[in-house]
Structures are given as C-alpha cells and as structure tokens.
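input-v4.txt (compact mmCIF, C-alpha atoms)
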```txt
# COMPACT_ATOMS: atom_id res chain seq x y z
CA MET A 1 10.05 89.79 23.15
CA ALA A 2 8.61 89.46 26.62
CA LYS A 3 7.82 92.90 28.04
CA VAL A 4 6.69 93.22 31.64
CA ALA A 5 5.67 96.13 33.82
CA PRO A 6 8.51 97.50 35.97
CA GLN A 7 6.70 96.54 39.18
CA ASP A 8 6.65 92.93 37.95
CA PHE A 9 10.35 92.86 37.10
CA ASP A 10 12.77 91.49 39.67
CA ILE A 11 16.31 91.14 38.38
CA ASP A 12 17.26 88.60 41.03
CA LYS A 13 14.35 86.34 40.12
CA VAL A 14 15.02 86.76 36.41
CA ARG A 15 18.66 85.81 36.87
CA ALA A 16 17.76 82.80 39.00
CA GLU A 17 15.35 81.55 36.34
CA TYR A 18 17.32 82.27 33.18
CA VAL A 19 21.09 82.37 33.72
CA GLY A 20 22.47 79.00 32.67
CA LYS A 21 19.19 77.90 31.13
CA LEU A 22 19.44 75.76 27.99
CA GLY A 23 16.95 76.23 25.17
CA GLN A 24 15.59 73.71 22.73
CA ARG A 25 17.67 72.41 19.89
CA SER A 26 17.07 74.35 16.67
CA ASP A 27 17.47 72.56 13.34
CA GLY A 28 18.16 74.41 10.11
CA LEU A 29 15.18 74.63 7.78
CA TYR A 30 17.37 73.85 4.78
CA PRO A 31 20.85 72.48 4.18
CA VAL A 32 23.72 74.89 3.74
CA GLU A 33 23.14 76.33 0.25
CA HIS A 34 25.03 78.40 -2.30
CA ASP A 35 22.60 81.25 -2.79
CA PRO A 36 22.36 82.57 0.78
CA ILE A 37 26.17 82.61 0.76
CA ARG A 38 26.12 84.62 -2.47
CA ARG A 39 23.71 87.15 -0.95
CA HIS A 40 25.89 87.36 2.17
CA GLU A 41 28.97 88.12 0.10
CA HIS A 42 27.02 90.53 -2.10
CA MET A 43 26.22 92.48 1.08
CA CYS A 44 29.91 93.11 1.89
CA TYR A 45 31.47 93.08 -1.61
CA GLY A 46 33.09 89.77 -0.82
CA THR A 47 34.78 87.94 -3.69
CA ASN A 48 36.34 85.03 -1.80
CA PRO A 49 36.18 82.05 -4.19
CA LEU A 50 36.09 79.59 -1.29
CA PHE A 51 32.55 80.88 -0.66
CA LEU A 52 31.44 81.63 -4.21
CA ASP A 53 33.15 79.48 -6.82
CA PRO A 54 32.13 75.78 -6.71
CA GLN A 55 34.98 74.75 -8.97
CA TYR A 56 37.53 76.54 -6.79
CA GLY A 57 35.97 75.01 -3.69
CA SER A 58 36.12 71.51 -5.11
CA GLU A 59 39.87 71.90 -5.65
CA SER A 60 40.45 73.45 -2.20
CA GLN A 61 41.41 71.63 0.98
CA TYR A 62 37.70 71.46 1.82
CA GLY A 63 36.69 69.62 -1.37
CA GLN A 64 33.69 71.89 -1.88
CA THR A 65 32.26 75.34 -1.28
CA ILE A 66 32.27 76.47 2.33
CA ALA A 67 30.20 79.15 4.05
CA PRO A 68 31.59 82.07 6.06
CA GLY A 69 31.69 80.88 9.65
CA VAL A 70 29.50 83.77 10.80
CA MET A 71 26.62 82.27 8.80
CA ALA A 72 26.30 79.35 11.23
CA ASP A 73 23.25 80.88 12.88
CA TYR A 74 21.61 81.51 9.53
CA PHE A 75 21.87 77.87 8.50
CA ALA A 76 20.94 76.47 11.90
CA GLY A 77 17.57 78.19 12.09
CA ASP A 78 14.30 78.75 10.29
CA GLY A 79 15.35 82.08 8.77
CA THR A 80 12.50 84.45 8.13
CA TRP A 81 9.93 81.74 7.87
CA PRO A 82 7.02 81.59 8.34
CA SER A 83 6.37 85.07 7.05
CA TRP A 84 4.36 87.59 8.99
CA ASN A 85 1.94 90.25 7.97
CA GLY A 86 4.21 93.26 8.08
CA GLY A 87 4.39 95.54 11.06
CA HIS A 88 7.20 95.90 13.51
CA GLU A 89 6.55 92.92 15.73
CA ILE A 90 8.73 90.19 14.30
CA PRO A 91 7.59 86.78 15.56
CA SER A 92 10.11 85.34 17.98
CA ARG A 93 12.55 83.10 16.12
CA GLY A 94 14.21 81.67 19.16
CA ASP A 95 13.11 79.33 21.87
CA PRO A 96 10.33 81.12 23.82
CA ALA A 97 11.68 79.50 26.97
CA LEU A 98 14.74 81.73 26.60
CA ASP A 99 12.75 84.92 25.97
CA VAL A 100 14.12 86.84 28.96
CA PRO A 101 11.57 89.36 30.26
CA ALA A 102 12.52 93.04 30.24
CA ILE A 103 10.74 96.33 30.87
CA GLY A 104 11.38 97.54 27.30
CA ASP A 105 10.80 95.92 23.94
CA ARG A 106 13.41 97.72 21.85
CA ALA A 107 16.54 95.70 21.14
CA ILE A 108 20.17 96.52 20.30
CA ASN A 109 23.05 94.13 19.82
CA LEU A 110 26.34 95.31 21.29
CA SER A 111 29.06 92.73 20.96
CA THR A 112 29.63 89.20 19.76
CA THR A 113 32.43 86.70 20.13
CA TRP A 114 32.73 83.84 17.64
CA GLU A 115 34.91 80.77 17.70
CA PHE A 116 35.12 78.82 14.45
CA LEU A 117 36.08 75.20 14.91
CA ARG A 118 35.21 73.33 11.70
CA PRO A 119 34.31 74.29 8.13
CA ILE A 120 30.64 74.62 7.21
CA LYS A 121 30.21 72.99 3.82
CA VAL A 122 27.44 73.31 1.28
CA GLY A 123 25.10 70.41 1.93
CA ASP A 124 25.75 70.30 5.68
CA ARG A 125 22.75 70.24 8.00
CA LEU A 126 23.36 72.47 10.98
CA TRP A 127 21.63 72.59 14.31
CA SER A 128 22.20 74.74 17.36
CA GLN A 129 21.84 74.68 21.11
CA PRO A 130 21.11 78.11 22.64
CA SER A 131 21.47 79.16 26.25
CA VAL A 132 21.36 82.26 28.42
CA ALA A 133 24.77 83.06 29.87
CA ASP A 134 23.99 86.24 31.82
CA VAL A 135 21.34 88.88 32.53
CA PHE A 136 21.94 92.19 34.28
CA VAL A 137 20.73 95.79 34.47
CA LYS A 138 23.05 98.57 33.34
CA PRO A 139 22.21 102.11 32.23
CA ILE A 140 22.73 103.34 28.67
CA ARG A 141 22.16 106.77 27.15
CA LEU A 142 18.69 105.81 25.95
CA ASP A 143 17.51 104.10 29.12
CA PRO A 144 18.82 104.09 32.72
CA ASN A 145 17.12 100.72 33.19
CA ALA A 146 18.35 98.81 30.15
CA ILE A 147 18.34 95.04 30.56
CA TRP A 148 21.47 93.35 29.19
CA ILE A 149 21.27 89.75 28.02
CA VAL A 150 24.17 87.47 27.05
CA ASN A 151 23.28 84.44 24.94
CA GLU A 152 25.61 81.61 24.04
CA THR A 153 24.84 79.34 21.11
CA ARG A 154 26.70 76.22 20.05
CA PHE A 155 26.43 75.11 16.44
CA TYR A 156 26.78 71.51 15.27
CA ASN A 157 26.72 69.74 11.91
CA GLN A 158 24.88 66.58 10.87
CA ASP A 159 27.60 64.47 12.49
CA ASP A 160 27.08 66.32 15.78
CA GLU A 161 30.51 67.91 15.46
CA LEU A 162 30.82 71.32 17.09
CA VAL A 163 31.48 73.78 14.25
CA ALA A 164 31.16 77.17 15.98
CA ILE A 165 30.29 78.94 19.22
CA SER A 166 28.85 82.44 19.46
CA ARG A 167 28.39 84.57 22.52
CA ASN A 168 26.20 87.61 21.90
CA THR A 169 25.64 90.53 24.25
CA GLY A 170 22.57 92.61 23.54
CA LEU A 171 20.18 94.77 25.51
CA ARG A 172 16.55 95.67 25.72
CA HIS A 173 15.50 99.26 26.31
CA ARG A 174 12.36 101.35 26.56
CA GLU A 175 11.12 103.99 24.15
CA PRO A 176 12.01 107.63 24.97
CA GLY A 177 8.46 108.46 26.09
CA GLU A 178 8.49 105.62 28.59
CA VAL A 179 11.86 106.71 29.96
CA GLU A 180 10.73 110.32 30.24
CA ALA A 181 7.61 109.30 32.15
CA SER A 182 9.54 107.13 34.58
CA PRO A 183 13.32 107.31 34.24
CA ASP A 184 14.25 104.83 36.95
CA PRO A 185 11.35 102.53 37.83
CA LEU A 186 13.74 99.80 39.00
CA GLY A 187 15.26 102.19 41.53
CA LEU A 188 18.84 101.77 40.39
CA GLN A 189 19.76 105.36 41.16
CA GLU A 190 18.92 104.75 44.81
CA LYS A 191 21.31 101.80 45.10
CA MET B 1 27.78 82.42 -16.84
CA ALA B 2 29.78 80.32 -14.41
CA VAL B 3 31.27 82.00 -11.38
CA LYS B 4 34.95 82.61 -11.96
CA LEU B 5 36.81 84.66 -9.39
CA ASP B 6 40.47 85.38 -8.92
CA PRO B 7 42.18 82.75 -6.77
CA LEU B 8 43.04 83.81 -3.24
CA PRO B 9 46.68 84.61 -2.60
CA GLN B 10 48.19 82.63 0.28
CA THR B 11 49.88 84.47 3.13
CA TYR B 12 52.39 82.42 5.14
CA PHE B 13 53.09 82.69 8.85
CA GLU B 14 56.80 83.39 8.32
CA ASP B 15 56.06 86.36 6.10
CA ILE B 16 53.92 88.20 8.64
CA GLU B 17 55.28 90.85 10.99
CA VAL B 18 53.58 92.63 13.86
CA GLY B 19 52.45 95.98 12.51
CA ASP B 20 51.58 94.67 9.05
CA LYS B 21 48.40 96.20 7.67
CA LEU B 22 45.71 94.02 6.14
CA PRO B 23 44.39 95.14 2.77
CA GLY B 24 41.26 96.93 3.94
CA PHE B 25 38.41 98.31 1.92
CA SER B 26 35.94 101.18 1.87
CA TYR B 27 32.53 101.92 0.41
CA ASP B 28 29.60 104.31 0.66
CA LEU B 29 26.46 103.29 2.52
CA THR B 30 23.95 104.23 -0.13
CA TRP B 31 20.33 103.19 0.03
CA THR B 32 21.18 100.27 -2.22
CA GLU B 33 23.61 99.08 0.45
CA MET B 34 20.84 99.42 3.02
CA VAL B 35 18.70 97.04 0.99
CA LYS B 36 21.63 94.66 0.49
CA GLN B 37 22.25 94.42 4.25
CA VAL B 38 18.69 93.18 4.75
CA SER B 39 18.94 90.78 1.82
CA GLY B 40 22.33 89.43 2.86
CA SER B 41 21.62 89.13 6.56
CA GLN B 42 17.87 88.38 6.41
CA ASP B 43 17.55 90.60 9.48
CA PHE B 44 14.14 92.21 9.20
CA TYR B 45 14.08 94.01 12.54
CA ALA B 46 12.56 97.37 11.55
CA VAL B 47 15.18 99.47 13.30
CA HIS B 48 17.45 98.55 10.37
CA HIS B 49 15.15 99.59 7.51
CA ASP B 50 12.25 101.75 8.78
CA PRO B 51 13.34 105.33 9.69
CA PRO B 52 10.20 106.32 11.69
CA PHE B 53 10.43 103.13 13.72
CA ALA B 54 14.11 103.74 14.47
CA GLN B 55 13.41 107.34 15.45
CA SER B 56 10.58 106.30 17.76
CA GLY B 57 13.15 104.24 19.66
CA GLY B 58 15.39 107.23 20.24
CA HIS B 59 17.78 106.74 17.32
CA SER B 60 18.51 109.43 14.77
CA GLY B 61 17.77 107.01 11.96
CA ILE B 62 18.13 103.46 10.78
CA PHE B 63 21.48 101.82 11.33
CA TYR B 64 23.31 98.83 9.87
CA ASN B 65 22.74 95.50 11.53
CA THR B 66 24.94 92.97 13.29
CA GLY B 67 24.97 90.56 10.35
CA TRP B 68 26.34 93.24 8.06
CA THR B 69 28.94 94.28 10.62
CA ARG B 70 30.30 90.81 11.15
CA ALA B 71 30.22 90.05 7.41
CA ASN B 72 32.59 92.92 6.68
CA LEU B 73 34.97 91.98 9.49
CA TYR B 74 34.92 88.30 8.58
CA ARG B 75 35.55 89.14 4.93
CA LEU B 76 38.77 90.94 5.86
CA LEU B 77 39.97 88.02 7.99
CA ALA B 78 38.99 85.28 5.53
CA ASP B 79 40.66 87.02 2.61
CA PHE B 80 43.81 87.42 4.72
CA ALA B 81 43.73 83.75 5.79
CA GLY B 82 43.79 82.60 2.17
CA PRO B 83 42.85 79.16 0.87
CA ASP B 84 44.90 77.22 3.42
CA GLY B 85 44.39 79.45 6.45
CA TRP B 86 41.52 79.49 8.91
CA VAL B 87 39.63 82.22 10.72
CA ARG B 88 39.66 80.95 14.30
CA LYS B 89 38.06 83.78 16.31
CA LEU B 90 36.25 87.07 15.85
CA HIS B 91 35.16 89.44 18.58
CA PHE B 92 33.54 92.78 17.83
CA GLU B 93 31.96 95.62 19.79
CA MET B 94 29.47 97.91 18.08
CA ARG B 95 30.10 101.19 19.91
CA ARG B 96 28.72 103.62 17.34
CA MET B 97 26.31 103.12 14.49
CA ASN B 98 26.92 102.96 10.78
CA MET B 99 24.11 104.78 9.05
CA ALA B 100 22.82 105.81 5.63
CA ASP B 101 25.15 108.13 3.70
CA ASP B 102 28.19 107.22 5.79
CA THR B 103 31.39 106.15 4.08
CA ILE B 104 32.96 103.23 5.92
CA VAL B 105 36.53 102.02 6.09
CA VAL B 106 37.21 98.44 7.20
CA SER B 107 40.83 97.90 8.25
CA GLY B 108 43.07 95.60 10.22
CA GLU B 109 46.57 95.36 11.64
CA VAL B 110 48.63 92.43 12.89
CA VAL B 111 49.27 92.86 16.62
CA GLY B 112 50.73 89.47 17.50
CA LYS B 113 51.90 86.11 16.17
CA GLU B 114 52.60 82.91 18.05
CA GLN B 115 53.06 79.22 17.36
CA THR B 116 50.70 77.29 19.62
CA GLU B 117 49.15 73.83 19.88
CA ASP B 118 46.30 75.32 17.86
CA GLY B 119 48.65 76.24 15.00
CA ASN B 120 50.35 79.38 13.74
CA VAL B 121 48.17 82.03 15.33
CA VAL B 122 48.13 85.61 14.04
CA GLU B 123 46.30 88.14 16.20
CA ILE B 124 44.66 91.04 14.41
CA GLU B 125 42.96 94.24 15.52
CA LEU B 126 40.19 95.33 13.18
CA SER B 127 37.83 98.24 12.93
CA ILE B 128 35.00 99.75 11.00
CA GLU B 129 35.21 103.53 10.94
CA ASN B 130 32.85 105.98 9.29
CA ASP B 131 33.25 109.59 8.23
CA ARG B 132 30.49 110.81 10.55
CA GLU B 133 31.57 109.44 13.94
CA GLY B 134 34.97 107.85 13.42
CA MET B 135 35.44 104.53 15.17
CA ALA B 136 32.15 102.62 15.05
CA THR B 137 33.21 99.02 15.61
CA ARG B 138 36.31 97.70 17.34
CA ALA B 139 37.21 94.07 16.79
CA THR B 140 39.86 91.48 17.32
CA GLY B 141 40.43 88.34 15.32
CA SER B 142 42.66 85.28 15.29
CA VAL B 143 43.72 83.62 12.07
CA LEU B 144 45.70 80.38 11.64
CA LEU B 145 48.20 80.57 8.81
CA PRO B 146 50.19 77.79 7.14
CA SER B 147 53.98 77.63 7.26
CA ARG B 148 56.16 77.76 4.20
CA GLY B 149 57.92 74.64 5.42
```
Once more with this new file: its structure as structure tokens, please.
Amino acid sequence: MAKVAPQDFDIDKVRAEYVGKLGQRSDGLYPVEHDPIRRHEHMCYGTNPLFLDPQYGSESQYGQTIAPGVMADYFAGDGTWPSWNGGHEIPSRGDPALDVPAIGDRAINLSTTWEFLRPIKVGDRLWSQPSVADVFVKPIRLDPNAIWIVNETRFYNQDDELVAISRNTGLRHREPGEVEASPDPLGLQEK
Amino acid sequence: MAVKLDPLPQTYFEDIEVGDKLPGFSYDLTWTEMVKQVSGSQDFYAVHHDPPFAQSGGHSGIFYNTGWTRANLYRLLADFAGPDGWVRKLHFEMRRMNMADDTIVVSGEVVGKEQTEDGNVVEIELSIENDREGMATRATGSVLLPSRG
C-alpha cells in the first residue's frame, strides 16, 4: 500500500489521477476448483449441494458444480501466491497502478455491492478488470484524515462473458500514535 | 467417502410473502472459527489473525474479515434461492466488528417481491448480529425465484 507523507498528499491531484482509472487485466492462477469452494463453505457451515456435491451439481440446471458468486475475486486472481516471508506487509496483490496513495497504511473494508450475472462453474477460467471508482477524505473514529477508496471490479469467464461485478468501499487510516502526533495534517478541520 | 448432502428445498415466488423470515443460523466465534475464516477466505491481512498487530492499529482485537462476512450472507441467500433460484445482488455494510468469543446470528426477512424483466425478484434485508455489540452488518439482497406455473 502506497503511503505518503501528509505534505505530499493532495486529494485533488489524487482524484484527478486515479478516479476512473482502469487497471490491468488479472487472470486466475488456476481454474475454478472444488476444494477452495469446500473451504469457503467450511468457513460458514454451508451445506449447499450446488457448491459441494458433484453428483447433485451434474443433475442441476447448471450441469455441474458451481461456486458461490462471491468467490469470483478468489478465482480471478493469484490468491496468496507467491508466498512471502511472514511479517505484516502483505505483497500487493492488485495492479500497482491502482495503488492509491494515502497517509496511512492500515486498511479496513466497509461495504461491498455485488451483482451476480452468470454461474461460475468448476473448470471455468476467470479474469477480472479492476478500476478506481472514487477517492475521498472523510473522518472516522480512528483517524480524522482517513482516505476512502471505492474500487469496482468486473469479472469475466473464459468466453469473456461478464459473470459478476463488485464495488468495494474501503479506507486507509493511520496508526493511533501518528494520529495523536498530528490529528489533522490535511487541514480538514479548517475547511 | 463421497459427498452426499441433503437436496435443497425449492421455494417458489408465489409462496413468498413480505415479512417472511428466512431460516437463519447462529454459531460461536471460537478460535477454531478464526482459523477457518483465514482458510476459507485466504485473507492473510494480519488485522484478522494477529492480536498485537490489530491492537497497534487502534482496534481492541482481531476481527472477522470481509470474505467471511459475505460468505455467511451469501449462504443465507443461496440456500433460500434453492436449486432453481438465483442470487442476483448482495450489498452489505460492516458497521461493527465480529470478534473472537462473539456469538453471531445471521438472519433475513423478505421486504419486497416484484415480477420484472429480470424475473421474479424477492428483496431481502439481512443482518449479522453479535451478542457483544448487536447489529454488526446490515445487508440487502435480491433473489430470483421460479414460479410454480
């Protein structure tokens, strides 16, 4: 995550550079597979046979096992590969060209909207097209100068059919010590 | 052993009324669940599994991630949609955190139904509540259901 000093951060310039910007196409490392779906359902006690029972899936309207629509991003990316040597700095998984600069490097997701347009079937090869939809500054309890970022990603299958769209709103904030030392370096309280 | 699960019951558009409750579910967020959320989501951001790291960011502890949140909400919608239905939309807002030792309740209620060009649309309000803070996640979903005819 790109962290810059407050004096180098200009929200108007950041918006001009990033809002509407398209990132590079991301292709899934592997096809849609059974076992990640099983782990996903294990996480939430899911027992939906459309996702878990190949025989049931083959007799369903889909003709085979399908994945929960919310797994589109999982199957359209590299996952947690390559590995990294521990620590808290996870290598950026997204397009670095869409790494919006902020004055903090702590991240929280806030809301997501999904549209599901076509089934994702085991064996499909997914790819995605990310973009930045919005960037703005808005205070939160942890940081009066939190930077909010809205990303939109479109997911396609191997036939270039649009299967899902997600729009995620997250924010980047500073650590408490940074906020205490300089609560409002962007001068929002003066505006 | 081959996977063999109970078949999904099918809910039909004509049988749904505004105010109907979806069959929700509840479970305790033990440390095993904390591990499962990382396994199932493959989200290794340390704020979701490393208490000192989470606390250094101003949080009281680690909290459950977005992938886990959406998985629970989607599960409720997909089970309701049945084998011939379709989850069309899901929107959720994570207003409070779900944390270790919480007990969560995932629930939903039908708030609208309409026949559109898209199909038989059923609108649903969903939530994830916990026993520590109450409402943690508010959500809305749209499901397409088949007709009996």
_If we count all atoms listed in the file and set the cut-off at 8 Å, which residues sit around region 154-156 of chain A, ignoring sequence neighbours fewer than 5 positions away in its own chain? Please answer as a list in words._
Ala72, Asp73, Ala76, Leu126, Trp127, Ser128, Gln129, Pro130, Glu161, Leu162, Val163, Ala164, Ile165 and Ser166 of chain A
Can you tell me, as a compact mmCIF listing (two decimals) with C-alpha atoms, in the coordinates of the input, which residues sit within 10 Å of (60.6, 77.5, 4.3) in the file's frame, using only C-alpha atoms?
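Output (selection-v5.txt):
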```txt
# COMPACT_ATOMS: atom_id res chain seq x y z
CA TYR B 12 52.39 82.42 5.14
CA GLU B 14 56.80 83.39 8.32
CA SER B 147 53.98 77.63 7.26
CA ARG B 148 56.16 77.76 4.20
CA GLY B 149 57.92 74.64 5.42
```
*Could you give me, as a list of chain:residue names, the residues within 10 Å of Val18 (chain B), counting only C-alpha atoms and dropping anything in the same chain fewer than 4 positions from it?*
B:Glu109, B:Val110, B:Val111, B:Gly112, B:Lys113, B:Val122, B:Glu123, B:Ile124
Can I get the residues of chain B within 8 Å of chain A, each with the closest pair of atoms and their distance in Å to one decimal, using only C-alpha atoms, sorted chain first then ascending number, as CSV?
```
residue,atom,partner,partner_atom,distance
B:Val3,CA,A:Asp53,CA,5.5
B:Lys4,CA,A:Asp53,CA,6.3
B:Leu5,CA,A:Pro49,CA,5.9
B:Asp6,CA,A:Pro49,CA,7.2
B:Pro7,CA,A:Pro49,CA,6.6
B:Leu8,CA,A:Asn48,CA,7.0
B:Glu33,CA,A:Met43,CA,7.1
B:Lys36,CA,A:Met43,CA,5.1
B:Gln37,CA,A:Met43,CA,5.4
B:Ser39,CA,A:Arg39,CA,6.6
B:Gly40,CA,A:His40,CA,4.2
B:Ser41,CA,A:His40,CA,6.4
B:Gln42,CA,A:Thr80,CA,6.9
B:Phe44,CA,A:Ile90,CA,7.7
B:Tyr45,CA,A:Ile90,CA,6.8
B:Ala46,CA,A:His88,CA,5.9
B:Phe53,CA,A:His88,CA,7.9
B:Ser56,CA,A:Glu175,CA,6.8
B:Gly57,CA,A:Glu175,CA,4.9
B:Gly58,CA,A:Pro176,CA,5.8
B:Thr66,CA,A:Asn109,CA,6.9
B:Trp68,CA,A:Met43,CA,7.0
B:Arg70,CA,A:Val70,CA,7.1
B:Ala71,CA,A:Cys44,CA,6.3
B:Asn72,CA,A:Cys44,CA,5.5
B:Tyr74,CA,A:Val70,CA,7.4
B:Arg75,CA,A:Gly46,CA,6.3
B:Ala78,CA,A:Asn48,CA,7.8
B:Asp79,CA,A:Asn48,CA,6.5
B:Pro83,CA,A:Ser60,CA,6.9
B:Asp84,CA,A:Gln61,CA,7.0
B:Val87,CA,A:Phe116,CA,6.8
B:Arg88,CA,A:Phe116,CA,5.0
B:Lys89,CA,A:Glu115,CA,4.6
B:Leu90,CA,A:Trp114,CA,5.1
B:His91,CA,A:Thr113,CA,4.2
B:Phe92,CA,A:Ser111,CA,5.5
B:Glu93,CA,A:Ser111,CA,4.3
B:Met94,CA,A:Leu110,CA,5.2
B:Arg95,CA,A:Leu110,CA,7.1
```
*Go ahead and compute the interatomic distance for CA of Asn151 (chain A) and CA of Val132 (chain A), in Å to one decimal.*
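A separation of 4.5 Å between them.
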_Separation of CA of Leu22 (chain A) from CA of Ala133 (chain A) in Å_ = 9.2 Å
*Between CA of Asp134 (chain A) and CA of Gly20 (chain A), what is the spacing in Å?*
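Calculated distance between CA of Gly20 (chain A) and CA of Asp134 (chain A) is 7.4 Å.
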Would you list the residues near (25.3, 100.1, 9.1) (no more than 10 Å away, in the coordinates of the file, using all atoms listed in the file) as an mmCIF file with C-alpha atoms, in the frame of the given file?
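As written to disk, point_11.cif reads:
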```
data_model
loop_
_atom_site.group_PDB
_atom_site.id
_atom_site.type_symbol
_atom_site.label_atom_id
_atom_site.label_comp_id
_atom_site.auth_asym_id
_atom_site.auth_seq_id
_atom_site.Cartn_x
_atom_site.Cartn_y
_atom_site.Cartn_z
ATOM 1 C CA LEU B 29 26.460 103.290 2.520
ATOM 2 C CA GLU B 33 23.610 99.080 0.450
ATOM 3 C CA MET B 34 20.840 99.420 3.020
ATOM 4 C CA GLN B 37 22.250 94.420 4.250
ATOM 5 C CA HIS B 48 17.450 98.550 10.370
ATOM 6 C CA ILE B 62 18.130 103.460 10.780
ATOM 7 C CA PHE B 63 21.480 101.820 11.330
ATOM 8 C CA TYR B 64 23.310 98.830 9.870
ATOM 9 C CA ASN B 65 22.740 95.500 11.530
ATOM 10 C CA THR B 66 24.940 92.970 13.290
ATOM 11 C CA GLY B 67 24.970 90.560 10.350
ATOM 12 C CA TRP B 68 26.340 93.240 8.060
ATOM 13 C CA THR B 69 28.940 94.280 10.620
ATOM 14 C CA ARG B 96 28.720 103.620 17.340
ATOM 15 C CA MET B 97 26.310 103.120 14.490
ATOM 16 C CA ASN B 98 26.920 102.960 10.780
ATOM 17 C CA MET B 99 24.110 104.780 9.050
ATOM 18 C CA ALA B 100 22.820 105.810 5.630
ATOM 19 C CA ASP B 101 25.150 108.130 3.700
ATOM 20 C CA ASP B 102 28.190 107.220 5.790
ATOM 21 C CA THR B 103 31.390 106.150 4.080
ATOM 22 C CA ILE B 104 32.960 103.230 5.920
ATOM 23 C CA ILE B 128 35.000 99.750 11.000
ATOM 24 C CA ASN B 130 32.850 105.980 9.290
ATOM 25 C CA ALA B 136 32.150 102.620 15.050
#
```
Taking every listed atom of region 96-105 of chain B and adding 8 Å to each side, what centre and edge lengths in Å (one decimal) does the axis-aligned box have, as AutoDock Vina command-line options?
```
--center_x 29.7 --center_y 105.1 --center_z 10.5 --size_x 29.7 --size_y 22.1 --size_z 29.6
```
_Could you check the closest approach to Glu180 (chain A) for each of A:Val14, A:Pro144, A:Asn157, A:Val32 and tell me which residue wins, using all atoms listed in the file?_
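Selected residue with least distance to Glu180 (chain A): A:Pro144.
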_Nearest candidate to Glu178 (chain A) (options A:Gln7, A:Lys121, A:Val135, A:Asn145; using all atoms listed in the file)_ = A:Asn145
*Within 6 Å of Gly108 (chain B), counting all atoms listed in the file, which residues qualify if same-chain residues fewer than 2 places away don't, as a ChimeraX atom specification?*
/B:21-22,125-126
